[in-house]
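Novice: Contents of start-v9.cif (mmCIF, C-alpha atoms and all ligand atoms) are below:
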data_target
#
loop_
_atom_site.label_atom_id
_atom_site.label_comp_id
_atom_site.auth_asym_id
_atom_site.auth_seq_id
_atom_site.Cartn_x
_atom_site.Cartn_y
_atom_site.Cartn_z
CA MET A 1 127.31 -42.95 104.16
CA PRO A 2 127.99 -41.99 100.51
CA GLU A 3 125.13 -40.07 98.92
CA GLN A 4 123.26 -42.09 96.29
CA VAL A 5 123.49 -40.80 92.72
CA PRO A 6 119.95 -39.82 91.58
CA LEU A 7 118.45 -41.76 88.70
CA LEU A 8 117.75 -38.47 86.94
CA GLU A 9 119.45 -35.22 87.87
CA ILE A 10 118.63 -31.97 86.10
CA ARG A 11 120.52 -28.81 87.00
CA GLY A 12 119.97 -25.27 85.74
CA LEU A 13 118.42 -26.51 82.49
CA HIS A 14 117.62 -23.88 79.86
CA VAL A 15 115.92 -25.09 76.68
CA SER A 16 114.81 -23.20 73.58
CA VAL A 17 112.31 -24.37 70.98
CA GLY A 18 112.14 -22.40 67.75
CA GLU A 19 112.82 -18.79 68.71
CA ARG A 20 111.57 -19.15 72.26
CA GLU A 21 113.35 -20.01 75.50
CA VAL A 22 110.75 -22.27 77.11
CA LEU A 23 112.67 -23.68 80.08
CA ARG A 24 114.64 -21.16 82.14
CA GLY A 25 116.45 -23.00 84.88
CA ILE A 26 114.95 -26.37 85.75
CA ASP A 27 116.37 -28.18 88.78
CA LEU A 28 115.00 -31.65 89.50
CA ALA A 29 116.28 -34.86 91.03
CA VAL A 30 114.38 -38.14 90.70
CA ALA A 31 115.64 -41.04 92.80
CA GLU A 32 115.40 -44.69 91.70
CA GLY A 33 111.80 -45.86 92.04
CA GLU A 34 110.28 -42.44 92.84
CA ALA A 35 107.13 -41.22 91.08
CA HIS A 36 106.96 -37.46 90.46
CA VAL A 37 104.01 -35.48 89.11
CA LEU A 38 104.46 -32.45 86.89
CA LEU A 39 101.69 -29.86 86.83
CA GLY A 40 101.53 -26.57 85.00
CA PRO A 41 99.50 -24.42 82.62
CA ASN A 42 99.12 -25.11 78.90
CA GLY A 43 102.19 -24.07 76.95
CA GLY A 44 104.29 -23.93 80.11
CA GLY A 45 106.91 -26.39 78.88
CA LYS A 46 105.99 -29.77 80.41
CA THR A 47 106.18 -31.62 77.09
CA THR A 48 109.32 -29.64 76.24
CA LEU A 49 110.97 -30.92 79.42
CA LEU A 50 110.02 -34.55 78.72
CA ASN A 51 111.05 -34.32 75.05
CA THR A 52 114.40 -32.83 76.12
CA ILE A 53 114.98 -35.71 78.55
CA VAL A 54 114.33 -38.34 75.85
CA GLY A 55 116.45 -36.34 73.40
CA LEU A 56 114.05 -35.45 70.59
CA PRO A 57 115.56 -33.11 67.97
CA GLY A 58 114.53 -29.44 67.97
CA TYR A 59 115.05 -28.88 71.71
CA ARG A 60 118.20 -26.79 72.13
CA VAL A 61 119.85 -27.00 75.52
CA ALA A 62 121.48 -23.59 76.03
CA ALA A 63 122.70 -24.21 79.58
CA GLY A 64 122.57 -26.72 82.40
CA SER A 65 123.04 -30.44 82.77
CA LEU A 66 121.00 -33.62 82.40
CA ARG A 67 122.36 -36.78 84.01
CA PHE A 68 121.03 -40.32 84.22
CA ARG A 69 122.69 -42.45 86.90
CA GLY A 70 125.56 -39.99 86.67
CA THR A 71 125.94 -40.26 82.87
CA ASP A 72 125.73 -37.05 80.86
CA LEU A 73 122.71 -37.45 78.57
CA LEU A 74 123.32 -34.42 76.40
CA PRO A 75 125.74 -36.02 73.89
CA LEU A 76 123.53 -39.13 73.59
CA SER A 77 120.96 -39.81 70.84
CA VAL A 78 117.33 -40.79 71.46
CA ASP A 79 118.05 -44.50 70.95
CA GLU A 80 121.13 -44.42 73.20
CA ARG A 81 119.01 -42.84 75.94
CA ALA A 82 116.29 -45.47 75.40
CA ARG A 83 118.88 -48.22 75.75
CA LEU A 84 120.05 -46.69 79.03
CA GLY A 85 116.49 -47.12 80.31
CA ILE A 86 114.50 -43.98 79.51
CA GLY A 87 111.05 -44.49 78.02
CA MET A 88 108.13 -42.21 77.23
CA ALA A 89 104.41 -42.41 76.60
CA TYR A 90 103.83 -39.40 74.34
CA GLN A 91 101.09 -36.80 74.65
CA ARG A 92 100.51 -36.97 70.89
CA PRO A 93 102.47 -39.88 69.45
CA PRO A 94 103.06 -39.86 65.68
CA SER A 95 101.62 -42.47 63.30
CA VAL A 96 104.20 -44.89 61.92
CA ARG A 97 102.99 -46.17 58.55
CA GLY A 98 104.32 -49.57 57.56
CA VAL A 99 105.18 -50.63 61.12
CA ARG A 100 102.63 -52.75 62.95
CA LEU A 101 102.19 -52.34 66.69
CA ARG A 102 103.33 -55.96 67.13
CA GLN A 103 106.67 -55.06 65.49
CA MET A 104 106.98 -51.87 67.54
CA LEU A 105 106.59 -53.89 70.74
CA ASP A 106 109.60 -56.00 69.68
CA VAL A 107 111.59 -52.84 68.94
CA ALA A 108 110.67 -51.40 72.36
CA ALA A 109 111.73 -54.66 74.03
CA GLY A 110 115.05 -54.65 72.15
CA GLY A 111 114.36 -58.08 70.60
CA GLU A 112 111.52 -60.38 69.60
CA LEU A 113 109.05 -60.81 72.45
CA PRO A 114 107.73 -64.30 73.20
CA GLU A 115 104.19 -64.78 71.84
CA THR A 116 102.90 -65.30 75.40
CA THR A 117 104.25 -61.89 76.48
CA VAL A 118 102.60 -60.21 73.47
CA GLY A 119 99.38 -62.05 74.36
CA THR A 120 99.56 -60.78 77.93
CA LEU A 121 100.06 -57.18 76.76
CA VAL A 122 97.19 -57.50 74.27
CA ASP A 123 94.87 -58.80 77.01
CA GLN A 124 96.06 -56.33 79.63
CA LEU A 125 95.56 -53.30 77.39
CA GLY A 126 92.72 -54.50 75.12
CA LEU A 127 94.80 -54.36 71.95
CA ASP A 128 93.18 -57.23 69.97
CA ASP A 129 92.06 -54.93 67.16
CA LEU A 130 95.25 -52.85 67.18
CA VAL A 131 98.20 -55.18 67.43
CA ASP A 132 98.28 -55.99 63.71
CA ARG A 133 97.56 -52.43 62.56
CA ASP A 134 100.16 -49.75 61.80
CA VAL A 135 101.24 -47.87 64.92
CA ASN A 136 98.79 -45.08 65.70
CA ALA A 137 97.40 -45.02 62.14
CA GLY A 138 93.78 -43.99 62.65
CA TYR A 139 93.82 -44.99 66.33
CA SER A 140 91.36 -43.14 68.54
CA GLY A 141 92.81 -40.93 71.30
CA GLY A 142 92.27 -43.59 73.96
CA GLU A 143 93.64 -46.37 71.71
CA MET A 144 96.85 -44.37 71.24
CA LYS A 145 97.33 -44.10 74.98
CA ARG A 146 96.90 -47.85 75.46
CA SER A 147 99.34 -48.52 72.61
CA GLU A 148 101.86 -46.17 74.27
CA MET A 149 101.48 -48.05 77.57
CA ALA A 150 102.04 -51.39 75.83
CA GLN A 151 105.28 -50.09 74.31
CA LEU A 152 106.50 -48.88 77.72
CA LEU A 153 105.61 -52.22 79.32
CA ALA A 154 107.54 -53.99 76.54
CA GLN A 155 110.54 -51.70 77.10
CA GLN A 156 110.53 -51.86 80.92
CA PRO A 157 112.49 -48.62 81.32
CA ALA A 158 114.09 -47.55 84.59
CA LEU A 159 112.60 -44.08 84.10
CA ALA A 160 109.15 -43.83 82.51
CA LEU A 161 107.88 -40.44 81.35
CA PHE A 162 104.10 -40.17 80.96
CA ASP A 163 102.83 -37.11 79.10
CA GLU A 164 99.13 -36.73 79.99
CA PRO A 165 98.44 -40.47 80.07
CA GLU A 166 94.73 -40.04 80.84
CA SER A 167 93.85 -37.31 78.37
CA GLY A 168 91.14 -38.47 75.99
CA VAL A 169 90.78 -41.80 77.78
CA ASP A 170 87.29 -42.94 78.81
CA LEU A 171 86.54 -43.77 82.45
CA ASP A 172 86.81 -47.57 81.97
CA ASN A 173 90.11 -47.27 80.19
CA ILE A 174 91.64 -44.86 82.73
CA ALA A 175 91.71 -47.86 85.06
CA VAL A 176 93.43 -49.93 82.35
CA VAL A 177 96.04 -47.21 81.77
CA GLY A 178 96.45 -46.69 85.53
CA GLU A 179 97.05 -50.40 86.13
CA ALA A 180 99.62 -50.48 83.34
CA MET A 181 101.40 -47.53 84.96
CA ASN A 182 101.31 -49.27 88.31
CA ALA A 183 102.77 -52.44 86.77
CA LEU A 184 105.73 -50.32 85.66
CA LEU A 185 106.11 -48.14 88.68
CA LYS A 186 105.67 -50.87 91.27
CA GLY A 187 106.99 -53.84 89.32
CA PRO A 188 105.13 -57.13 88.95
CA ARG A 189 106.50 -58.40 92.28
CA ALA A 190 107.07 -56.29 95.34
CA THR A 191 110.68 -57.45 95.62
CA GLU A 192 111.57 -56.14 92.16
CA PRO A 193 113.04 -52.67 91.88
CA ARG A 194 110.44 -50.20 90.68
CA ALA A 195 110.77 -47.92 87.70
CA ALA A 196 110.76 -44.24 88.50
CA GLY A 197 108.14 -42.05 86.84
CA LEU A 198 107.59 -38.47 85.79
CA ILE A 199 103.87 -38.00 85.18
CA VAL A 200 102.31 -34.97 83.52
CA THR A 201 98.65 -34.52 84.40
CA HIS A 202 96.17 -31.64 84.42
CA THR A 203 93.30 -33.26 86.25
CA GLY A 204 95.09 -35.70 88.54
CA HIS A 205 92.52 -38.42 87.68
CA ILE A 206 95.31 -40.87 87.02
CA LEU A 207 96.49 -40.42 90.61
CA GLU A 208 93.46 -42.43 91.73
CA TYR A 209 95.36 -45.43 90.35
CA VAL A 210 99.00 -44.45 90.79
CA ASN A 211 100.77 -43.51 93.98
CA ALA A 212 102.98 -40.49 93.38
CA ASP A 213 105.62 -39.40 95.87
CA VAL A 214 105.92 -35.72 95.06
CA GLY A 215 104.44 -33.04 92.79
CA HIS A 216 105.95 -29.97 91.10
CA VAL A 217 104.46 -26.98 89.31
CA LEU A 218 106.23 -25.90 86.14
CA TYR A 219 105.55 -22.20 85.88
CA ALA A 220 107.35 -19.41 83.99
CA GLY A 221 110.02 -21.83 82.82
CA ALA A 222 111.04 -23.18 86.22
CA LEU A 223 109.76 -25.52 88.92
CA ALA A 224 107.95 -23.26 91.33
CA CYS A 225 106.56 -25.68 93.86
CA ARG A 226 107.17 -28.99 95.54
CA GLY A 227 104.50 -30.79 97.54
CA ASN A 228 101.93 -33.52 97.82
CA PRO A 229 100.52 -33.84 94.27
CA LEU A 230 96.87 -34.07 95.33
CA ASP A 231 97.23 -31.04 97.63
CA LEU A 232 98.83 -29.06 94.81
CA ILE A 233 96.00 -29.96 92.40
CA ALA A 234 93.40 -28.95 95.01
CA GLU A 235 95.22 -25.64 95.53
CA ILE A 236 95.45 -24.93 91.80
CA ARG A 237 91.75 -25.75 91.42
CA ARG A 238 90.94 -23.35 94.24
CA GLN A 239 92.94 -20.34 93.15
CA GLY A 240 94.61 -20.99 89.78
CA TYR A 241 98.27 -21.34 88.86
CA GLU A 242 99.22 -17.70 89.14
CA ARG A 243 98.21 -17.42 92.78
CA CYS A 244 99.25 -20.97 93.64
CA VAL A 245 102.90 -20.29 92.82
CA GLU A 246 102.86 -17.19 95.04
CA CYS A 247 102.02 -19.20 98.15
CA GLU A 248 104.37 -19.78 101.09
CA ALA A 249 105.26 -23.32 100.03
CA CYS A 250 106.28 -22.23 96.55
CA ARG A 251 109.92 -21.49 96.97
CA PRO A 252 112.43 -22.15 94.22
CA GLN A 253 113.71 -25.73 94.66
N1 LIG B 1 108.53 -26.40 67.28
C1 LIG B 1 108.15 -25.34 68.00
N2 LIG B 1 108.33 -24.07 67.54
C2 LIG B 1 107.95 -23.01 68.28
N3 LIG B 1 107.40 -23.09 69.50
C3 LIG B 1 107.22 -24.31 70.01
C4 LIG B 1 107.57 -25.51 69.29
N4 LIG B 1 107.27 -26.57 70.07
C5 LIG B 1 106.75 -26.08 71.21
N5 LIG B 1 106.70 -24.73 71.15
C6 LIG B 1 106.16 -23.82 72.19
O1 LIG B 1 106.78 -24.10 73.42
C7 LIG B 1 105.86 -23.81 74.47
C8 LIG B 1 105.80 -24.99 75.44
O2 LIG B 1 105.10 -26.05 74.84
P1 LIG B 1 104.88 -27.44 75.56
O3 LIG B 1 104.26 -28.35 74.56
O4 LIG B 1 106.14 -27.87 76.19
O5 LIG B 1 103.83 -27.05 76.73
P2 LIG B 1 103.03 -27.96 77.74
O6 LIG B 1 103.32 -27.46 79.11
O7 LIG B 1 103.30 -29.39 77.47
O8 LIG B 1 101.52 -27.58 77.39
P3 LIG B 1 100.16 -28.50 77.37
O9 LIG B 1 99.69 -28.57 78.79
O10 LIG B 1 99.22 -27.69 76.52
O11 LIG B 1 100.50 -29.84 76.77
C9 LIG B 1 104.51 -23.49 73.81
O12 LIG B 1 104.34 -22.10 73.77
C10 LIG B 1 104.68 -24.07 72.41
O13 LIG B 1 103.89 -23.39 71.45
MG MG B 2 102.18 -30.96 76.81
#
Rewrite the structure from the file as structure tokens, please.
Ligand SMILES: Nc1ncnc2c1ncn2[C@@H]1O[C@H](COP(=O)(O)OP(=O)(O)OP(=O)(O)O)[C@@H](O)[C@H]1O
Ligand SMILES: [Mg+2]

Specialist:
Amino acid sequence: MPEQVPLLEIRGLHVSVGEREVLRGIDLAVAEGEAHVLLGPNGGGKTTLLNTIVGLPGYRVAAGSLRFRGTDLLPLSVDERARLGIGMAYQRPPSVRGVRLRQMLDVAAGGELPETTVGTLVDQLGLDDLVDRDVNAGYSGGEMKRSEMAQLLAQQPALALFDEPESGVDLDNIAVVGEAMNALLKGPRATEPRAAGLIVTHTGHILEYVNADVGHVLYAGALACRGNPLDLIAEIRRQGYERCVECEACRPQ
């Protein structure tokens, strides 16, 4: 049987930001519909990896490859990558003055959304007070996360990157964010193909709502571990990152 091309395939990726080489040989394959969790200490390069995948400027790829369904992503711009089906909920999304969230949802969808679809997103994510305000302008931390989820749901990407989706979100709204993630990752109907996900989390709280297939620890610029995400979080809690990545299971992938 021919081997299936991964949705996302990263090989030997080295990335520098400013003067610093942050990623030093990342290897990762995400199959269609798989949900992966990315753990790692502050400043370890998780956001750098996600920003490099979406193609934000300022992330210099010094070596390695980045492929999406076999297509080389490196020559492609952010919008070309978005059109291929890569979407991201940012850890700290910027404010966009002069653009209302309602308009941004249309941009994410690649065309004007029917009013009923906007209404469903507004209800699903509690956006009544936000949808006619400028994107992220003065939003609270939790409001930003819900706005990010709405944009991803409007886009319906094949690969959704979630950078700390639960950080700053209150306990009621974690469920709202988690359900939105599940709607993407599982699809509204079981027969539909699911989006794949790459989820950055420190606490793992979001995993009470989202089923993840596999977890990785990003440590010292590379992926040090591969395992059940909840087991990895428990291990890190028990003995910290430094000792966790020394354990038997932590072999280079
Ligand atoms: N523009 C920049 N210039 C210089 N250094 C940068 C720049 N952007 C990021 N860095 C550095 O790159 C390193 C990795 O940052 P990154 O945001 O990817 O970490 P992270 O794993 O997402 O951390 P956290 O868990 O705190 O979100 C950090 O040391 C950060 O200060
Ligand atoms: Mg980060």

Novice: Collect all residues with atoms no farther than 9 Å from ligand MG 2 (chain B), counting all atoms listed in the file, and output them as a PyMOL selection string.

Specialist: chain A and resi 42-48+50+90-92+163-164+200

Novice: Around ligand LIG 1 (chain B), out to 12 Å and counting all atoms listed in the file, which residues are there? I want them as number ranges by chain.

Specialist: A: 15-24, 38-52, 56-60, 90-92, 162-165, 167, 199-203, 217-223

Novice: Here is a test: counting all atoms listed in the file, which residue of A:Leu185, A:Val169, A:Val122, A:Ala108 is nearest to Leu152 (chain A)?

Specialist: A:Ala108

Novice: So which one's closest to Ala212 (chain A), A:Ile26, A:Ala35, A:Leu121, A:Ile174? Using all atoms listed in the file, please.

Specialist: A:Ala35

Novice: Residues at most 9 Å from Asp132 (chain A), counting all atoms listed in the file, excluding those fewer than 3 positions away in the same chain, as a list in words?

Specialist: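 The residues satisfying every condition are Arg100, Leu101, Arg102, Gln103, Asp128, Asp129 and Val135 of chain A.
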
Novice: Separation of CA of Gly240 (chain A) and CA of Gly215 (chain A), in Å?

Specialist: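 Atom-to-atom, CA of Gly240 (chain A) and CA of Gly215 (chain A) are spaced 15.8 Å apart.
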
Novice: Calculate how many Å separate CA of Asp231 (chain A) from CA of Gly168 (chain A), rounding to one decimal.

Specialist: 23.7 Å

Novice: In Å, how far is it from CA of Met104 (chain A) to CA of Gln155 (chain A)?

Specialist: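 Spanning CA of Met104 (chain A) to CA of Gln155 (chain A) is a straight-line distance of 10.2 Å.
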
Novice: Give as a list in words every residue, naming chains and numbers as the document does, that has an atom within 8 Å of (117.7, -39.7, 90.5), counting all atoms listed in the file.

Specialist: Val5, Pro6, Leu7, Leu8, Glu9, Ala29, Val30, Ala31, Glu32, Phe68 and Arg69 of chain A

Novice: Could you please take those selected residues and save C-alpha atoms as a short mmCIF file (atom, residue, chain, number, x, y, z; two decimals), keeping the file's coordinate frame?

Specialist:
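Output below, filename out_2.cif:
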data_model
loop_
_atom_site.label_atom_id
_atom_site.label_comp_id
_atom_site.auth_asym_id
_atom_site.auth_seq_id
_atom_site.Cartn_x
_atom_site.Cartn_y
_atom_site.Cartn_z
CA VAL A 5 123.49 -40.80 92.72
CA PRO A 6 119.95 -39.82 91.58
CA LEU A 7 118.45 -41.76 88.70
CA LEU A 8 117.75 -38.47 86.94
CA GLU A 9 119.45 -35.22 87.87
CA ALA A 29 116.28 -34.86 91.03
CA VAL A 30 114.38 -38.14 90.70
CA ALA A 31 115.64 -41.04 92.80
CA GLU A 32 115.40 -44.69 91.70
CA PHE A 68 121.03 -40.32 84.22
CA ARG A 69 122.69 -42.45 86.90
#

Novice: Can you pull out every residue within 7 Å of region 233-236 of chain A, counting all atoms listed in the file, but drop anything in the same chain fewer than 5 positions away, and send it as a list in words?

Specialist: Gly204, Tyr241 and Cys244 of chain A

Novice: I'd like to know which of A:Ala137, A:Gln151, A:Met88, A:Leu28 is closest to Arg226 (chain A), using only C-alpha atoms.

Specialist: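 Among the listed residues, A:Leu28 lies closest to Arg226 (chain A).
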
Novice: Mind listing as a ChimeraX atom specification all residues within 12 Å of (123.3, -40.9, 73.6), counting all atoms listed in the file?

Specialist: /A:53-56,66-68,71-86

Novice: Can you pull out every residue within 6 Å of Val214 (chain A), counting only C-alpha atoms, but drop anything in the same chain fewer than 5 positions away, and send it as a PDB file with C-alpha atoms, in the frame of the given file?

Specialist:
ATOM      1  CA  HIS A  36     106.960 -37.460  90.460  1.00  0.00           C
ATOM      2  CA  GLY A 227     104.500 -30.790  97.540  1.00  0.00           C
ATOM      3  CA  ASN A 228     101.930 -33.520  97.820  1.00  0.00           C
ATOM      4  CA  PRO A 229     100.520 -33.840  94.270  1.00  0.00           C
TER       5      PRO A 229
END

Novice: Between A:Leu198, A:Gly64, A:Asn136, A:Pro93, single out the one closest to Ala160 (chain A), counting only C-alpha atoms.

Specialist: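 Nearest candidate to Ala160 (chain A) out of A:Leu198, A:Gly64, A:Asn136, A:Pro93: A:Leu198.
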